[in-house]
file coords28.cif (mmCIF, C-alpha atoms; chains and numbers go by the auth columns)
data_model
loop_
_atom_site.group_PDB
_atom_site.id
_atom_site.type_symbol
_atom_site.label_atom_id
_atom_site.label_comp_id
_atom_site.label_asym_id
_atom_site.label_seq_id
_atom_site.Cartn_x
_atom_site.Cartn_y
_atom_site.Cartn_z
_atom_site.B_iso_or_equiv
_atom_site.auth_seq_id
_atom_site.auth_asym_id
ATOM 1 C CA PRO A 1 -19.332 19.103 64.516 0.00 1 S
ATOM 2 C CA PRO A 2 -16.786 21.931 64.960 0.00 2 S
ATOM 3 C CA PHE A 3 -14.865 23.166 61.899 0.00 3 S
ATOM 4 C CA PRO A 4 -11.737 20.941 62.158 0.00 4 S
ATOM 5 C CA TYR A 5 -13.802 17.724 62.147 0.00 5 S
ATOM 6 C CA THR A 6 -16.124 19.014 59.422 0.00 6 S
ATOM 7 C CA ALA A 7 -13.146 19.881 57.226 0.00 7 S
ATOM 8 C CA LEU A 8 -11.670 16.381 57.641 0.00 8 S
ATOM 9 C CA PHE A 9 -14.941 14.654 56.756 0.00 9 S
ATOM 10 C CA ARG A 10 -15.339 16.867 53.668 0.00 10 S
ATOM 11 C CA SER A 11 -11.788 16.185 52.464 0.00 11 S
ATOM 12 C CA PRO A 12 -11.961 13.542 49.667 0.00 12 S
ATOM 13 C CA VAL A 13 -9.013 11.542 51.044 0.00 13 S
ATOM 14 C CA LEU A 14 -8.877 12.242 54.791 0.00 14 S
ATOM 15 C CA GLY A 15 -12.639 12.070 55.116 0.00 15 S
ATOM 16 C CA LYS A 16 -12.725 8.503 53.805 0.00 16 S
ATOM 17 C CA MET A 17 -9.772 7.500 55.994 0.00 17 S
ATOM 18 C CA LEU A 18 -11.291 9.006 59.149 0.00 18 S
ATOM 19 C CA ARG A 19 -14.714 7.515 58.570 0.00 19 S
ATOM 20 C CA GLY A 20 -13.129 4.145 57.994 0.00 20 S
ATOM 21 C CA THR A 21 -10.953 4.493 61.101 0.00 21 S
ATOM 22 C CA LEU A 22 -13.873 5.467 63.328 0.00 22 S
ATOM 23 C CA PHE A 23 -15.923 2.533 62.057 0.00 23 S
ATOM 24 C CA PHE A 24 -13.054 0.112 62.624 0.00 24 S
ATOM 25 C CA LEU A 25 -12.396 1.315 66.169 0.00 25 S
ATOM 26 C CA LEU A 26 -15.963 1.661 67.414 0.00 26 S
ATOM 27 C CA PHE A 27 -17.740 -1.228 65.759 0.00 27 S
ATOM 28 C CA PRO A 28 -15.887 -4.092 67.566 0.00 28 S
ATOM 29 C CA ALA A 29 -16.506 -2.460 70.954 0.00 29 S
ATOM 30 C CA LEU A 30 -20.230 -2.448 70.242 0.00 30 S
ATOM 31 C CA THR A 31 -20.433 -6.016 68.953 0.00 31 S
ATOM 32 C CA LEU A 32 -18.287 -7.715 71.606 0.00 32 S
ATOM 33 C CA ALA A 33 -20.215 -6.491 74.659 0.00 33 S
ATOM 34 C CA VAL A 34 -22.216 -9.231 76.404 0.00 34 S
ATOM 35 C CA ASN A 35 -25.022 -8.313 78.757 0.00 35 S
ATOM 36 C CA ILE A 36 -27.723 -10.931 79.369 0.00 36 S
ATOM 37 C CA VAL A 37 -30.258 -10.341 82.134 0.00 37 S
ATOM 38 C CA ARG A 38 -33.269 -12.474 83.030 0.00 38 S
ATOM 39 C CA ASP A 39 -35.275 -10.959 85.867 0.00 39 S
ATOM 40 C CA GLY A 40 -37.747 -12.686 88.142 0.00 40 S
ATOM 41 C CA TYR A 41 -37.801 -16.452 88.638 0.00 41 S
ATOM 42 C CA PHE A 42 -37.803 -19.101 85.928 0.00 42 S
ATOM 43 C CA LYS A 43 -37.650 -22.870 85.414 0.00 43 S
ATOM 44 C CA PRO A 44 -35.494 -23.775 82.388 0.00 44 S
ATOM 45 C CA SER A 45 -36.225 -26.664 80.040 0.00 45 S
ATOM 46 C CA LYS A 46 -33.642 -29.215 78.923 0.00 46 S
ATOM 47 C CA GLY A 47 -31.505 -27.887 76.073 0.00 47 S
ATOM 48 C CA GLU A 48 -32.755 -24.303 76.437 0.00 48 S
ATOM 49 C CA LYS A 49 -30.228 -22.197 74.513 0.00 49 S
ATOM 50 C CA ILE A 50 -30.527 -18.536 75.476 0.00 50 S
ATOM 51 C CA ALA A 51 -27.674 -17.073 73.414 0.00 51 S
ATOM 52 C CA GLU A 52 -24.773 -17.715 71.048 0.00 52 S
ATOM 53 C CA LEU A 53 -21.896 -15.367 71.800 0.00 53 S
ATOM 54 C CA LYS A 54 -19.434 -14.155 69.171 0.00 54 S
ATOM 55 C CA ASN A 55 -16.600 -14.021 71.737 0.00 55 S
ATOM 56 C CA TRP A 56 -16.470 -15.314 75.306 0.00 56 S
ATOM 57 C CA GLY A 57 -14.091 -16.707 77.884 0.00 57 S
ATOM 58 C CA GLU A 58 -11.227 -14.495 78.993 0.00 58 S
ATOM 59 C CA THR A 59 -13.161 -12.236 81.351 0.00 59 S
ATOM 60 C CA PHE A 60 -16.738 -12.818 82.473 0.00 60 S
ATOM 61 C CA HIS A 61 -19.204 -12.329 85.301 0.00 61 S
ATOM 62 C CA ILE A 62 -22.089 -14.730 85.988 0.00 62 S
ATOM 63 C CA GLU A 63 -24.494 -14.470 88.890 0.00 63 S
ATOM 64 C CA PHE A 64 -27.878 -15.887 89.837 0.00 64 S
ATOM 65 C CA PHE A 65 -29.995 -16.960 92.796 0.00 65 S
ATOM 66 C CA ILE A 66 -31.050 -20.578 93.237 0.00 66 S
ATOM 67 C CA ASN A 67 -33.591 -22.252 95.511 0.00 67 S
ATOM 68 C CA LEU A 68 -33.654 -26.080 95.472 0.00 68 S
ATOM 69 C CA HIS A 69 -36.856 -28.044 95.893 0.00 69 S
ATOM 70 C CA GLN A 70 -36.627 -29.584 99.330 0.00 70 S
ATOM 71 C CA LYS A 71 -38.101 -33.032 98.529 0.00 71 S
ATOM 72 C CA ASN A 72 -35.706 -33.948 95.700 0.00 72 S
ATOM 73 C CA ASP A 73 -32.678 -36.169 96.338 0.00 73 S
ATOM 74 C CA PHE A 74 -30.480 -34.830 93.465 0.00 74 S
ATOM 75 C CA LYS A 75 -28.793 -38.166 92.780 0.00 75 S
ATOM 76 C CA ASN A 76 -28.248 -37.235 89.118 0.00 76 S
ATOM 77 C CA TRP A 77 -26.244 -34.357 87.655 0.00 77 S
ATOM 78 C CA ILE A 78 -28.584 -31.365 87.319 0.00 78 S
ATOM 79 C CA ASN A 79 -27.276 -28.743 84.905 0.00 79 S
ATOM 80 C CA ILE A 80 -27.867 -25.074 85.748 0.00 80 S
ATOM 81 C CA LEU A 81 -25.762 -23.222 83.156 0.00 81 S
ATOM 82 C CA HIS A 82 -23.405 -24.395 80.426 0.00 82 S
ATOM 83 C CA PHE A 83 -21.158 -22.269 78.186 0.00 83 S
ATOM 84 C CA THR A 84 -19.716 -24.358 75.344 0.00 84 S
ATOM 85 C CA THR A 85 -18.268 -24.126 71.850 0.00 85 S
ATOM 86 C CA GLY A 86 -20.393 -27.113 70.881 0.00 86 S
ATOM 87 C CA GLU A 87 -20.330 -30.322 72.918 0.00 87 S
ATOM 88 C CA ASN A 88 -20.426 -31.488 76.531 0.00 88 S
ATOM 89 C CA ILE A 89 -16.750 -32.320 77.170 0.00 89 S
ATOM 90 C CA CYS A 90 -13.855 -31.073 75.013 0.00 90 S
ATOM 91 C CA ASN A 91 -11.443 -28.152 74.835 0.00 91 S
ATOM 92 C CA GLY A 92 -13.673 -25.103 75.122 0.00 92 S
ATOM 93 C CA CYS A 93 -16.775 -27.068 76.105 0.00 93 S
ATOM 94 C CA ARG A 94 -17.043 -26.014 79.747 0.00 94 S
ATOM 95 C CA ILE A 95 -16.220 -22.301 79.977 0.00 95 S
ATOM 96 C CA PRO A 96 -17.745 -22.683 82.526 0.00 96 S
ATOM 97 C CA GLY A 97 -20.486 -25.212 83.336 0.00 97 S
ATOM 98 C CA ILE A 98 -22.479 -25.190 86.583 0.00 98 S
ATOM 99 C CA TRP A 99 -24.223 -28.219 88.083 0.00 99 S
ATOM 100 C CA VAL A 100 -25.952 -29.459 91.233 0.00 100 S
ATOM 101 C CA LYS A 101 -25.516 -33.012 92.545 0.00 101 S
ATOM 102 C CA GLY A 102 -26.371 -34.290 95.994 0.00 102 S
ATOM 103 C CA ARG A 103 -27.513 -30.716 96.818 0.00 103 S
ATOM 104 C CA LYS A 104 -23.984 -29.362 96.335 0.00 104 S
ATOM 105 C CA LEU A 105 -22.817 -26.791 93.806 0.00 105 S
ATOM 106 C CA TYR A 106 -20.263 -27.910 91.194 0.00 106 S
ATOM 107 C CA VAL A 107 -18.419 -25.695 88.718 0.00 107 S
ATOM 108 C CA TYR A 108 -16.398 -27.217 85.867 0.00 108 S
ATOM 109 C CA THR A 109 -14.185 -24.954 83.777 0.00 109 S
ATOM 110 C CA GLU A 110 -11.027 -24.552 81.731 0.00 110 S
ATOM 111 C CA PHE A 111 -8.300 -23.515 84.133 0.00 111 S
ATOM 112 C CA SER A 112 -4.499 -23.302 83.829 0.00 112 S
ATOM 113 C CA GLY A 113 -4.193 -26.013 81.182 0.00 113 S
ATOM 114 C CA ASN A 114 -6.925 -28.264 82.608 0.00 114 S
ATOM 115 C CA ASN A 115 -9.975 -28.253 80.314 0.00 115 S
ATOM 116 C CA ASN A 116 -12.295 -29.748 82.961 0.00 116 S
ATOM 117 C CA LEU A 117 -11.296 -28.558 86.438 0.00 117 S
ATOM 118 C CA GLN A 118 -13.841 -29.504 89.113 0.00 118 S
ATOM 119 C CA ILE A 119 -14.611 -26.948 91.839 0.00 119 S
ATOM 120 C CA VAL A 120 -16.908 -28.153 94.609 0.00 120 S
ATOM 121 C CA GLY A 121 -19.089 -25.655 96.413 0.00 121 S
ATOM 122 C CA LYS A 122 -21.217 -25.795 99.534 0.00 122 S
ATOM 123 C CA ASP A 123 -24.566 -27.381 100.274 0.00 123 S
ATOM 124 C CA LEU A 124 -27.394 -25.506 98.542 0.00 124 S
ATOM 125 C CA ALA A 125 -30.150 -26.900 100.759 0.00 125 S
ATOM 126 C CA LYS A 126 -32.654 -25.090 102.968 0.00 126 S
ATOM 127 C CA ARG A 127 -32.565 -21.571 101.536 0.00 127 S
ATOM 128 C CA LEU A 128 -32.280 -19.258 98.562 0.00 128 S
ATOM 129 C CA GLN A 129 -28.613 -18.699 97.733 0.00 129 S
ATOM 130 C CA ARG A 130 -26.669 -16.306 95.517 0.00 130 S
ATOM 131 C CA VAL A 131 -23.938 -17.757 93.281 0.00 131 S
ATOM 132 C CA ILE A 132 -21.267 -15.677 91.515 0.00 132 S
ATOM 133 C CA VAL A 133 -18.681 -17.052 89.070 0.00 133 S
ATOM 134 C CA SER A 134 -16.366 -14.285 87.859 0.00 134 S
ATOM 135 C CA GLN A 135 -13.046 -14.147 86.011 0.00 135 S
ATOM 136 C CA GLN A 136 -11.331 -10.724 85.900 0.00 136 S
ATOM 137 C CA TRP A 137 -7.890 -9.161 85.561 0.00 137 S
ATOM 138 C CA VAL A 138 -6.594 -8.205 89.023 0.00 138 S
ATOM 139 C CA ASN A 139 -3.125 -6.620 89.334 0.00 139 S
ATOM 140 C CA GLY A 140 -1.983 -8.186 86.076 0.00 140 S
ATOM 141 C CA LYS A 141 -3.320 -11.666 86.899 0.00 141 S
ATOM 142 C CA LEU A 142 -6.433 -13.334 85.487 0.00 142 S
ATOM 143 C CA MET A 143 -8.276 -14.404 88.638 0.00 143 S
ATOM 144 C CA LEU A 144 -11.171 -16.872 88.735 0.00 144 S
ATOM 145 C CA LYS A 145 -13.346 -16.196 91.766 0.00 145 S
ATOM 146 C CA ILE A 146 -16.412 -18.136 92.885 0.00 146 S
ATOM 147 C CA LEU A 147 -18.690 -16.997 95.687 0.00 147 S
ATOM 148 C CA GLN A 148 -21.614 -18.812 97.231 0.00 148 S
ATOM 149 C CA GLU A 149 -23.851 -16.762 99.502 0.00 149 S
ATOM 150 C CA GLY A 150 -21.068 -14.213 99.980 0.00 150 S
ATOM 151 C CA GLU A 151 -18.417 -16.790 100.928 0.00 151 S
ATOM 152 C CA VAL A 152 -15.394 -17.229 98.638 0.00 152 S
ATOM 153 C CA ILE A 153 -15.049 -20.905 97.722 0.00 153 S
ATOM 154 C CA PHE A 154 -12.391 -20.434 95.000 0.00 154 S
ATOM 155 C CA ASN A 155 -10.007 -17.587 94.143 0.00 155 S
ATOM 156 C CA LYS A 156 -6.943 -18.480 92.057 0.00 156 S
ATOM 157 C CA GLU A 157 -5.027 -17.291 89.006 0.00 157 S
ATOM 158 C CA ASN A 158 -5.968 -18.836 85.664 0.00 158 S
ATOM 159 C CA THR A 159 -2.779 -18.939 83.582 0.00 159 S
ATOM 160 C CA SER A 160 -4.484 -20.108 80.380 0.00 160 S
ATOM 161 C CA GLY A 161 -7.632 -17.986 80.105 0.00 161 S
ATOM 162 C CA ARG A 162 -8.602 -17.094 76.547 0.00 162 S
ATOM 163 C CA ASN A 163 -11.480 -15.939 74.344 0.00 163 S
ATOM 164 C CA ARG A 164 -13.350 -18.423 72.187 0.00 164 S
ATOM 165 C CA GLU A 165 -15.731 -17.830 69.294 0.00 165 S
ATOM 166 C CA LYS A 166 -19.344 -18.934 68.746 0.00 166 S
ATOM 167 C CA VAL A 167 -20.026 -19.941 72.340 0.00 167 S
ATOM 168 C CA LYS A 168 -23.472 -21.363 73.083 0.00 168 S
ATOM 169 C CA VAL A 169 -25.146 -20.519 76.394 0.00 169 S
ATOM 170 C CA TYR A 170 -27.554 -23.114 77.803 0.00 170 S
ATOM 171 C CA LEU A 171 -29.932 -22.841 80.735 0.00 171 S
ATOM 172 C CA SER A 172 -29.927 -26.595 81.392 0.00 172 S
ATOM 173 C CA ASP A 173 -27.914 -28.195 78.602 0.00 173 S
ATOM 174 C CA PRO A 174 -28.988 -31.051 76.260 0.00 174 S
ATOM 175 C CA TRP A 175 -26.692 -33.634 77.908 0.00 175 S
ATOM 176 C CA HIS A 176 -27.869 -33.616 81.533 0.00 176 S
ATOM 177 C CA GLU A 177 -31.049 -33.567 83.561 0.00 177 S
ATOM 178 C CA SER A 178 -32.799 -30.204 83.537 0.00 178 S
ATOM 179 C CA SER A 179 -33.130 -28.016 86.621 0.00 179 S
ATOM 180 C CA ARG A 180 -36.808 -27.440 85.748 0.00 180 S
ATOM 181 C CA GLU A 181 -38.184 -29.996 88.209 0.00 181 S
ATOM 182 C CA HIS A 182 -35.501 -29.450 90.837 0.00 182 S
ATOM 183 C CA ALA A 183 -34.978 -25.739 91.442 0.00 183 S
ATOM 184 C CA TYR A 184 -36.173 -22.192 90.955 0.00 184 S
ATOM 185 C CA LEU A 185 -33.658 -19.784 89.424 0.00 185 S
ATOM 186 C CA TYR A 186 -33.848 -16.028 89.952 0.00 186 S
ATOM 187 C CA HIS A 187 -32.251 -12.850 88.557 0.00 187 S
ATOM 188 C CA LEU A 188 -29.692 -14.253 86.116 0.00 188 S
ATOM 189 C CA LYS A 189 -26.969 -11.827 84.995 0.00 189 S
ATOM 190 C CA ILE A 190 -24.267 -12.669 82.435 0.00 190 S
ATOM 191 C CA SER A 191 -21.610 -10.203 81.278 0.00 191 S
ATOM 192 C CA ASP A 192 -18.141 -10.231 79.733 0.00 192 S
ATOM 193 C CA LYS A 193 -17.120 -7.348 82.007 0.00 193 S
ATOM 194 C CA ALA A 194 -16.676 -6.842 85.729 0.00 194 S
ATOM 195 C CA PRO A 195 -19.739 -5.514 87.579 0.00 195 S
ATOM 196 C CA PRO A 196 -19.677 -1.854 88.644 0.00 196 S
ATOM 197 C CA SER A 197 -17.941 -1.183 91.960 0.00 197 S
ATOM 198 C CA ASP A 198 -20.743 1.046 93.251 0.00 198 S
ATOM 199 C CA THR A 199 -21.671 1.085 96.930 0.00 199 S
ATOM 200 C CA HIS A 200 -23.915 -1.893 97.596 0.00 200 S
ATOM 201 C CA LEU A 201 -24.907 -4.318 100.312 0.00 201 S
ATOM 202 C CA GLN A 202 -24.165 -8.024 99.939 0.00 202 S
ATOM 203 C CA LEU A 203 -27.495 -9.824 99.806 0.00 203 S
ATOM 204 C CA THR A 204 -27.942 -12.419 102.518 0.00 204 S
ATOM 205 C CA ASP A 205 -30.888 -13.685 104.543 0.00 205 S
ATOM 206 C CA ILE A 206 -31.994 -10.771 106.731 0.00 206 S
ATOM 207 C CA GLY A 207 -34.691 -11.150 109.329 0.00 207 S
ATOM 208 C CA VAL A 208 -37.231 -8.335 109.175 0.00 208 S
ATOM 209 C CA SER A 209 -37.907 -6.441 112.381 0.00 209 S
ATOM 210 C CA LYS A 210 -39.099 -2.937 113.232 0.00 210 S
ATOM 211 C CA GLY A 211 -36.337 -0.301 113.315 0.00 211 S
ATOM 212 C CA LYS A 212 -33.579 -2.655 112.120 0.00 212 S
ATOM 213 C CA LEU A 213 -30.612 -0.601 110.828 0.00 213 S
ATOM 214 C CA LEU A 214 -28.597 -2.392 108.115 0.00 214 S
ATOM 215 C CA THR A 215 -25.901 0.209 107.545 0.00 215 S
ATOM 216 C CA THR A 216 -25.168 3.918 107.219 0.00 216 S
ATOM 217 C CA LEU A 217 -23.931 5.047 103.795 0.00 217 S
ATOM 218 C CA LYS A 218 -21.571 8.000 103.416 0.00 218 S
ATOM 219 C CA ASN A 219 -23.162 9.081 100.112 0.00 219 S
ATOM 220 C CA PHE A 220 -26.485 7.999 98.649 0.00 220 S
ATOM 221 C CA GLY A 221 -29.444 9.369 96.745 0.00 221 S
ATOM 222 C CA LYS A 222 -28.865 10.799 93.261 0.00 222 S
ATOM 223 C CA THR A 223 -28.691 7.441 91.490 0.00 223 S
ATOM 224 C CA TYR A 224 -29.346 4.072 93.066 0.00 224 S
ATOM 225 C CA HIS A 225 -30.647 0.556 92.523 0.00 225 S
ATOM 226 C CA VAL A 226 -32.443 -1.449 95.200 0.00 226 S
ATOM 227 C CA GLU A 227 -33.708 -5.012 94.870 0.00 227 S
ATOM 228 C CA PHE A 228 -34.776 -7.728 97.284 0.00 228 S
ATOM 229 C CA ILE A 229 -36.503 -11.088 97.431 0.00 229 S
ATOM 230 C CA PHE A 230 -39.144 -11.553 100.120 0.00 230 S
ATOM 231 C CA LYS A 231 -39.563 -14.996 101.683 0.00 231 S
ATOM 232 C CA LYS A 232 -42.450 -15.674 104.057 0.00 232 S
ATOM 233 C CA THR A 233 -41.344 -17.593 107.152 0.00 233 S
ATOM 234 C CA ASP A 234 -44.508 -17.506 109.231 0.00 234 S
ATOM 235 C CA THR A 235 -48.176 -16.594 109.013 0.00 235 S
ATOM 236 C CA ILE A 236 -49.472 -13.614 110.927 0.00 236 S
ATOM 237 C CA GLY A 237 -52.797 -14.355 112.565 0.00 237 S
#

call {"tool": "encode", "arguments": {"input": "coords28.cif", "output": "structure tokens"}}
result
Amino acid sequence: PPFPYTALFRSPVLGKMLRGTLFFLLFPALTLAVNIVRDGYFKPSKGEKIAELKNWGETFHIEFFINLHQKNDFKNWINILHFTTGENICNGCRIPGIWVKGRKLYVYTEFSGNNNLQIVGKDLAKRLQRVIVSQQWVNGKLMLKILQEGEVIFNKENTSGRNREKVKVYLSDPWHESSREHAYLYHLKISDKAPPSDTHLQLTDIGVSKGKLLTTLKNFGKTYHVEFIFKKTDTIG
């Protein structure tokens, strides 16, 4: 490093103080970051714990794609994801939890003093759908926002959001029926931060046809990320 920093590190007193200060400031930032990604499709087993997080709950971003099996009736509660400090129902035990019942999406979470708020989504039948559950600071307010296939189904301020320690993350929890025999899950992403606000297209069902223009981007090319899921709808003879 340049002379001023070298001199500080070599100083018997200041060097120890600076090294200790740098370690104290940088180490928590490295250990608190959460970034879980599971690409492709998968079928979780009951009680499949994929992580135990040191801190979780105030801000987070969860997204995945889900495709229900068409022949199932979904009379029971089918668990998709469950973030908990230990049990099924208690303070800090659904932060959040995501279920399917009767082919509808259900999110249960701590929200503004209620430790088990129920949020009912739309019907998940007939097609692959993208689900996003995100809690972020927006203009000084902690906003919980839930989107299903691009449509906002919940967007309100959470007045009691907080971080909790030692949070277990289940893909199909131990207390409910597993999604393994009921659905395919795709492209799971879990983070304690907001996603980047880069230019992107909202993924929806898009029919493929020759020469179909989706959009025109003002700037594109140096860095980019493109992903898609192809679903066959007919057989070409």

call {"tool": "closest_atom_pairs", "arguments": {"input": "coords28.cif", "of": "range 98-192 of chain S", "to": "range 78-93 of chain S", "cutoff": "10 Å", "atoms": "only C-alpha atoms", "output": "Markdown table"}}
result
| residue | atom | partner | partner_atom | distance |
| --- | --- | --- | --- | --- |
| S:Ile98 | CA | S:Leu81 | CA | 5.1 |
| S:Trp99 | CA | S:Asn79 | CA | 4.4 |
| S:Val100 | CA | S:Ile78 | CA | 5.1 |
| S:Lys101 | CA | S:Ile78 | CA | 6.3 |
| S:Gly102 | CA | S:Ile78 | CA | 9.4 |
| S:Arg103 | CA | S:Ile78 | CA | 9.6 |
| S:Leu105 | CA | S:Ile80 | CA | 9.7 |
| S:Tyr106 | CA | S:Asn79 | CA | 9.5 |
| S:Val107 | CA | S:Leu81 | CA | 9.5 |
| S:Tyr108 | CA | S:His82 | CA | 9.3 |
| S:Thr109 | CA | S:Cys93 | CA | 8.4 |
| S:Glu110 | CA | S:Gly92 | CA | 7.1 |
| S:Gly113 | CA | S:Asn91 | CA | 9.9 |
| S:Asn114 | CA | S:Asn91 | CA | 9.0 |
| S:Asn115 | CA | S:Asn91 | CA | 5.7 |
| S:Asn116 | CA | S:Ile89 | CA | 7.7 |
| S:Arg162 | CA | S:Gly92 | CA | 9.6 |
| S:Asn163 | CA | S:Gly92 | CA | 9.5 |
| S:Arg164 | CA | S:Gly92 | CA | 7.3 |
| S:Glu165 | CA | S:Thr85 | CA | 7.3 |
| S:Lys166 | CA | S:Thr85 | CA | 6.1 |
| S:Val167 | CA | S:Thr85 | CA | 4.6 |
| S:Lys168 | CA | S:Thr84 | CA | 5.3 |
| S:Val169 | CA | S:Phe83 | CA | 4.7 |
| S:Tyr170 | CA | S:His82 | CA | 5.1 |
| S:Leu171 | CA | S:Leu81 | CA | 4.8 |
| S:Ser172 | CA | S:Asn79 | CA | 4.9 |
| S:Asp173 | CA | S:His82 | CA | 6.2 |
| S:Pro174 | CA | S:Asn88 | CA | 8.6 |
| S:Trp175 | CA | S:Asn88 | CA | 6.8 |
| S:His176 | CA | S:Asn79 | CA | 6.0 |
| S:Glu177 | CA | S:Ile78 | CA | 5.0 |
| S:Ser178 | CA | S:Ile78 | CA | 5.8 |
| S:Ser179 | CA | S:Ile78 | CA | 5.7 |
| S:Arg180 | CA | S:Ile78 | CA | 9.2 |
| S:Glu181 | CA | S:Ile78 | CA | 9.7 |
| S:His182 | CA | S:Ile78 | CA | 8.0 |
| S:Ala183 | CA | S:Ile80 | CA | 9.1 |
| S:Leu185 | CA | S:Ile80 | CA | 8.7 |

call {"tool": "residues_around", "arguments": {"input": "coords28.cif", "residues": "Thr159 in chain S", "least_positions_apart": "3", "cutoff": "10 Å", "atoms": "all atoms listed in the file", "output": "PyMOL selection string"}}
result
chain S and resi 111-113+141-143+156+162

call {"tool": "atom_distance", "arguments": {"input": "coords28.cif", "atom1": "CA of Lys54 in chain S", "atom2": "CA of His187 in chain S"}}
result
23.3 Å

call {"tool": "atom_distance", "arguments": {"input": "coords28.cif", "atom1": "CA of His61 in chain S", "atom2": "CA of Ser160 in chain S"}}
result
17.4 Å

call {"tool": "atom_distance", "arguments": {"input": "coords28.cif", "atom1": "CA of Trp77 in chain S", "atom2": "CA of Ile132 in chain S"}}
result
19.7 Å

call {"tool": "closest_residue", "arguments": {"input": "coords28.cif", "among": "S:Leu124, S:Ile119, S:Val37, S:Ile50", "to": "Leu144 in chain S", "atoms": "only C-alpha atoms"}}
result
S:Ile119

call {"tool": "closest_residue", "arguments": {"input": "coords28.cif", "among": "S:Thr59, S:Gln118, S:Asn67, S:Ser209", "to": "Val138 in chain S", "atoms": "all atoms listed in the file"}}
result
S:Thr59

call {"tool": "closest_residue", "arguments": {"input": "coords28.cif", "among": "S:Lys222, S:Gln129, S:Lys212, S:Tyr186", "to": "Pro44 in chain S", "atoms": "all atoms listed in the file"}}
result
S:Tyr186

call {"tool": "residues_around", "arguments": {"input": "coords28.cif", "residues": "Phe154 in chain S", "least_positions_apart": "3", "cutoff": "9 Å", "atoms": "all atoms listed in the file", "output": "MDAnalysis selection string"}}
result
chainID S and resid 119:121 144:147

call {"tool": "closest_residue", "arguments": {"input": "coords28.cif", "among": "S:Arg94, S:Lys189, S:Lys210, S:Arg130", "to": "Arg38 in chain S", "atoms": "all atoms listed in the file"}}
result
S:Lys189
